[in-house]
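Engineer: Structure below; questions to follow.
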Amino acid sequence: MTRYLLALLLLPLPVAAQPVTQADVLQAELRSGWRAADGSHVAALHLQLAPEWKTYWRAPGDAGIPPEFDWAGSENLGQITVHWPRPDVFDFQGMQTIGYKQDVVLPLTVTPLDPSRPVFLRTSVSMGVCKDICMPASLTLSADLADQGAPDALISAALADQPKVGLAAGLTAIFCDLTPLKDGTRVTARLMLPAEIGAETVVMEPDAPVWVSDSMVSREGAVLTAIADMVPSPGTDFTLDPASLRLTVLAGDQAMEVTGCPLRQASR
């Protein structure tokens with residue numbers, strides 16, 4: 001017995017897990033890109049995530065954290081547009097999340113105030129990164145966008161990986177029905193769209209800051225149906241503008257996006 005107890009005492013103690021820091025899981029840069037023929041500049045935010053870590057798309061699902069951008073401190077910046085490559089759909093503890101793993105390149109279209117001058121681009125980014133745990137991340141990045149710049153294969157590939165738009169994906173028709181709820185609106189969208197291989201996820205994004213449920217998705221032949229509830233914050237009004245409703249269909253390595261869902265009828 002004494003020998004057994006002594007052996008237990010001599011066993012090595014487990015090493016306490018070291019805290020995970022942002023630098024352990026996320027590296028980032030602004031890629032300076034090139035000046036386009038129309039006078040705008042094509043640049044990109046490039047994120048590199050540690051293995052098995054992920055970050056989120058603009059509509060990340062209930063368990064995700066969408067990135068937020070602040071361009072204050074930029075010089076000669078007129079307008080900027082973030083482009084979103086096709087994301088992946090994840091299951092996180094039974095909840096659907098949408099985002100990216102490993103290398104993530106978000107192309108940027110930068111419109112200068114004065115096209116004859118270079119742009120100094122500065123951004124502060126707040127985002128979430130997750131593996132078994134989730135943690136907030138904050139980035140402050142800057143880049144000089146030279147007059148001409150040079151082609152960038154990573155940016156070009158990310159631009160090519162954006163969802164196809166409507167007709168290019170085979171969409172022939174789309175319409176929506178609205179059903180009033182006690183605290184919001186139920187949207188039923190029907191899309192005439194050829195079936196893709198694999199499960200289909202439909203994301204609805206209204207042009208208003210409201211909560212949107214995951215869509216219930218079903219298919220009968222060429223008709224894809226998605227149903228989602230939209231609920232505003234308590235005490236606020238919400239009227240859906242069907243013309244600005246954006247729908248994205250994700251299926252395997254394919255994606256389709258369309259903005260506008262004409263009403264067939266308003267259900268009573």
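Each chain in the structure tokens gets a letter, A, B and so on, in the order shown; residues start at 1 in every chain, and ligands are counted from 1 in the order they appear.
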Per residue of segment 166-219 of chain A within 10 Å of segment 42-61 of chain A, what are the shortest atom pair and its distance in Å to one decimal, counting only C-alpha atoms, with rows by chain and residue number, as a Markdown table?

Structural biologist:
| residue | atom | partner | partner_atom | distance |
| --- | --- | --- | --- | --- |
| A:Val203 | CA | A:Ala59 | CA | 7.8 |
| A:Met204 | CA | A:Ala59 | CA | 8.7 |
| A:Glu205 | CA | A:Ala59 | CA | 7.5 |
| A:Trp211 | CA | A:Gly61 | CA | 9.8 |
| A:Val212 | CA | A:Gly61 | CA | 8.6 |
| A:Ser213 | CA | A:Gly61 | CA | 8.1 |
| A:Asp214 | CA | A:Gly61 | CA | 7.1 |

Engineer: Neighbours of Ala63 of chain A within 8 Å (only C-alpha atoms; same-chain residues fewer than 3 positions away dropped), as a short mmCIF file (atom, residue, chain, number, x, y, z; two decimals) with N, CA and C atoms, in the first residue's frame?

Structural biologist:
data_model
loop_
_atom_site.label_atom_id
_atom_site.label_comp_id
_atom_site.auth_asym_id
_atom_site.auth_seq_id
_atom_site.Cartn_x
_atom_site.Cartn_y
_atom_site.Cartn_z
N PRO A 60 -24.36 35.87 -39.24
CA PRO A 60 -23.67 34.69 -38.71
C PRO A 60 -24.54 33.66 -38.03
N PHE A 92 -22.93 24.52 -34.31
CA PHE A 92 -22.24 24.84 -33.07
C PHE A 92 -23.18 24.55 -31.91
N MET A 95 -26.67 24.68 -32.82
CA MET A 95 -27.11 25.92 -33.43
C MET A 95 -26.37 26.15 -34.74
N GLN A 96 -27.06 26.72 -35.71
CA GLN A 96 -26.47 26.99 -37.01
C GLN A 96 -25.66 28.29 -36.97
N THR A 97 -24.43 28.22 -37.42
CA THR A 97 -23.63 29.43 -37.60
C THR A 97 -23.07 29.42 -39.02
#

Engineer: Using Å and a single decimal, report how far atom CA of Pro66 of chain A sits from atom CA of Phe90 of chain A.

Structural biologist: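 That distance, rounded to one decimal, is 14.6 Å.
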
Engineer: Find the distance between atom CA of Leu263 of chain A and atom CA of Pro242 of chain A and write it in Å to one decimal.

Structural biologist: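 Distance reported for this atom pair: 7.0 Å.
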
Engineer: Give me the residues within 10 Å of Gln79 of chain A as JSON, numbers by chain, counting only C-alpha atoms and dropping any in the same chain fewer than 6 places off.

Structural biologist: {"A": [40, 71, 109, 110, 111, 112, 113]}

Engineer: Which of these residues is nearest to Asp91 of chain A, using only C-alpha atoms: A:Pro107, A:Gly170, A:Gly64, A:Gly260?

Structural biologist: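 Using only C-alpha atoms, Asp91 of chain A sits closest to A:Gly64.
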
Engineer: Among the residues of segment 103-220 of chain A, find those DSSP assigns to alpha helix (DSSP H) from the backbone and print them as a PyMOL selection string.

Structural biologist: chain A and resi 153-160

Engineer: Of the candidates A:Val249, A:Met216, A:Leu26, A:Val119, which shows the shortest atom-to-atom distance to Arg186 of chain A, using only C-alpha atoms?

Structural biologist: A:Met216

Engineer: Can you tell me, as a ChimeraX atom specification, which residues in segment 77-233 of chain A count as strand (DSSP E or B) by DSSP?

Structural biologist: /A:77-82,88-92,95-101,103-112,119-130,134-145,149,164-165,173-180,185-192,201-205,211-212,216-220,223-231

Engineer: Between A:Ile65, A:Cys176, A:Leu121, A:Val187, which residue has the minimum interatomic distance to Ala146 of chain A, considering only C-alpha atoms?

Structural biologist: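 Among the listed residues, A:Leu121 lies closest to Ala146 of chain A.
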
Engineer: Name all residues at most 12 Å from Thr225 of chain A (count only C-alpha atoms; drop same-chain ones fewer than 6 positions away) and give them as a ChimeraX atom specification.

Structural biologist: /A:174-177,187-193,195,200-203,215-219,247,249

Engineer: Could you dump the residues just selected with N, CA and C atoms as a PDB file, in the first residue's frame?

Structural biologist:
ATOM      1  N   ILE A 174     -39.158  34.333 -58.191  1.00  0.00           N
ATOM      2  CA  ILE A 174     -39.150  34.378 -56.743  1.00  0.00           C
ATOM      3  C   ILE A 174     -40.337  35.210 -56.280  1.00  0.00           C
ATOM      4  N   PHE A 175     -41.003  34.783 -55.210  1.00  0.00           N
ATOM      5  CA  PHE A 175     -42.059  35.601 -54.611  1.00  0.00           C
ATOM      6  C   PHE A 175     -42.166  35.265 -53.129  1.00  0.00           C
ATOM      7  N   CYS A 176     -42.752  36.188 -52.376  1.00  0.00           N
ATOM      8  CA  CYS A 176     -42.878  36.037 -50.929  1.00  0.00           C
ATOM      9  C   CYS A 176     -44.319  36.213 -50.483  1.00  0.00           C
ATOM     10  N   ASP A 177     -44.683  35.535 -49.406  1.00  0.00           N
ATOM     11  CA  ASP A 177     -45.919  35.761 -48.670  1.00  0.00           C
ATOM     12  C   ASP A 177     -45.542  36.245 -47.283  1.00  0.00           C
ATOM     13  N   VAL A 187     -42.064  35.382 -42.954  1.00  0.00           N
ATOM     14  CA  VAL A 187     -41.833  35.501 -44.395  1.00  0.00           C
ATOM     15  C   VAL A 187     -41.704  34.100 -44.986  1.00  0.00           C
ATOM     16  N   THR A 188     -42.513  33.820 -45.997  1.00  0.00           N
ATOM     17  CA  THR A 188     -42.406  32.572 -46.738  1.00  0.00           C
ATOM     18  C   THR A 188     -41.946  32.924 -48.146  1.00  0.00           C
ATOM     19  N   ALA A 189     -40.743  32.500 -48.480  1.00  0.00           N
ATOM     20  CA  ALA A 189     -40.174  32.782 -49.798  1.00  0.00           C
ATOM     21  C   ALA A 189     -40.159  31.505 -50.625  1.00  0.00           C
ATOM     22  N   ARG A 190     -40.544  31.645 -51.877  1.00  0.00           N
ATOM     23  CA  ARG A 190     -40.494  30.519 -52.810  1.00  0.00           C
ATOM     24  C   ARG A 190     -39.628  30.921 -54.000  1.00  0.00           C
ATOM     25  N   LEU A 191     -38.639  30.077 -54.273  1.00  0.00           N
ATOM     26  CA  LEU A 191     -37.681  30.356 -55.331  1.00  0.00           C
ATOM     27  C   LEU A 191     -37.735  29.233 -56.359  1.00  0.00           C
ATOM     28  N   MET A 192     -37.883  29.592 -57.626  1.00  0.00           N
ATOM     29  CA  MET A 192     -37.804  28.604 -58.701  1.00  0.00           C
ATOM     30  C   MET A 192     -36.329  28.485 -59.080  1.00  0.00           C
ATOM     31  N   LEU A 193     -35.687  27.435 -58.539  1.00  0.00           N
ATOM     32  CA  LEU A 193     -34.238  27.325 -58.605  1.00  0.00           C
ATOM     33  C   LEU A 193     -33.849  25.859 -58.707  1.00  0.00           C
ATOM     34  N   ALA A 195     -32.161  22.356 -58.159  1.00  0.00           N
ATOM     35  CA  ALA A 195     -31.614  21.796 -56.927  1.00  0.00           C
ATOM     36  C   ALA A 195     -30.112  21.606 -57.040  1.00  0.00           C
ATOM     37  N   GLU A 200     -29.583  22.398 -48.389  1.00  0.00           N
ATOM     38  CA  GLU A 200     -29.650  23.817 -48.747  1.00  0.00           C
ATOM     39  C   GLU A 200     -30.002  24.646 -47.518  1.00  0.00           C
ATOM     40  N   THR A 201     -29.276  25.738 -47.349  1.00  0.00           N
ATOM     41  CA  THR A 201     -29.532  26.700 -46.282  1.00  0.00           C
ATOM     42  C   THR A 201     -29.923  28.015 -46.930  1.00  0.00           C
ATOM     43  N   VAL A 202     -30.989  28.629 -46.448  1.00  0.00           N
ATOM     44  CA  VAL A 202     -31.438  29.915 -46.981  1.00  0.00           C
ATOM     45  C   VAL A 202     -31.346  30.955 -45.869  1.00  0.00           C
ATOM     46  N   VAL A 203     -30.655  32.050 -46.146  1.00  0.00           N
ATOM     47  CA  VAL A 203     -30.495  33.134 -45.181  1.00  0.00           C
ATOM     48  C   VAL A 203     -31.257  34.344 -45.694  1.00  0.00           C
ATOM     49  N   SER A 215     -33.958  29.847 -41.227  1.00  0.00           N
ATOM     50  CA  SER A 215     -35.054  29.484 -42.131  1.00  0.00           C
ATOM     51  C   SER A 215     -35.354  27.994 -42.072  1.00  0.00           C
ATOM     52  N   MET A 216     -36.645  27.666 -42.097  1.00  0.00           N
ATOM     53  CA  MET A 216     -37.066  26.283 -42.325  1.00  0.00           C
ATOM     54  C   MET A 216     -37.133  26.095 -43.835  1.00  0.00           C
ATOM     55  N   VAL A 217     -36.393  25.116 -44.338  1.00  0.00           N
ATOM     56  CA  VAL A 217     -36.205  24.967 -45.780  1.00  0.00           C
ATOM     57  C   VAL A 217     -36.782  23.639 -46.240  1.00  0.00           C
ATOM     58  N   SER A 218     -37.499  23.677 -47.361  1.00  0.00           N
ATOM     59  CA  SER A 218     -38.010  22.453 -47.979  1.00  0.00           C
ATOM     60  C   SER A 218     -37.953  22.625 -49.495  1.00  0.00           C
ATOM     61  N   ARG A 219     -38.010  21.516 -50.179  1.00  0.00           N
ATOM     62  CA  ARG A 219     -37.953  21.567 -51.645  1.00  0.00           C
ATOM     63  C   ARG A 219     -38.922  20.563 -52.246  1.00  0.00           C
ATOM     64  N   LEU A 247     -31.833  37.441 -50.075  1.00  0.00           N
ATOM     65  CA  LEU A 247     -31.849  36.010 -49.786  1.00  0.00           C
ATOM     66  C   LEU A 247     -30.593  35.375 -50.374  1.00  0.00           C
ATOM     67  N   VAL A 249     -28.788  31.543 -50.844  1.00  0.00           N
ATOM     68  CA  VAL A 249     -28.944  30.086 -50.785  1.00  0.00           C
ATOM     69  C   VAL A 249     -27.549  29.470 -50.790  1.00  0.00           C
TER      70      VAL A 249
END

Engineer: Nearest to Leu245 of chain A among A:Val258, A:Leu141, A:Ala72, A:Val231, with distances taken over only C-alpha atoms: which residue is it?

Structural biologist: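 Going through A:Val258, A:Leu141, A:Ala72, A:Val231 one by one, the smallest distance to Leu245 of chain A is for A:Val258.
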
Engineer: Enter the distance from atom CA of Asp253 of chain A to atom CA of Pro87 of chain A, in Å, rounded to one decimal.

Structural biologist: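 About the pair atom CA of Asp253 of chain A and atom CA of Pro87 of chain A: they are 8.9 Å apart.
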
Engineer: Which one is closest to Leu154 of chain A: A:Asp103, A:Asp183, A:Asp132, A:Asp70? Count only C-alpha atoms.

Structural biologist: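 For Leu154 of chain A, the nearest of the given residues is A:Asp103.
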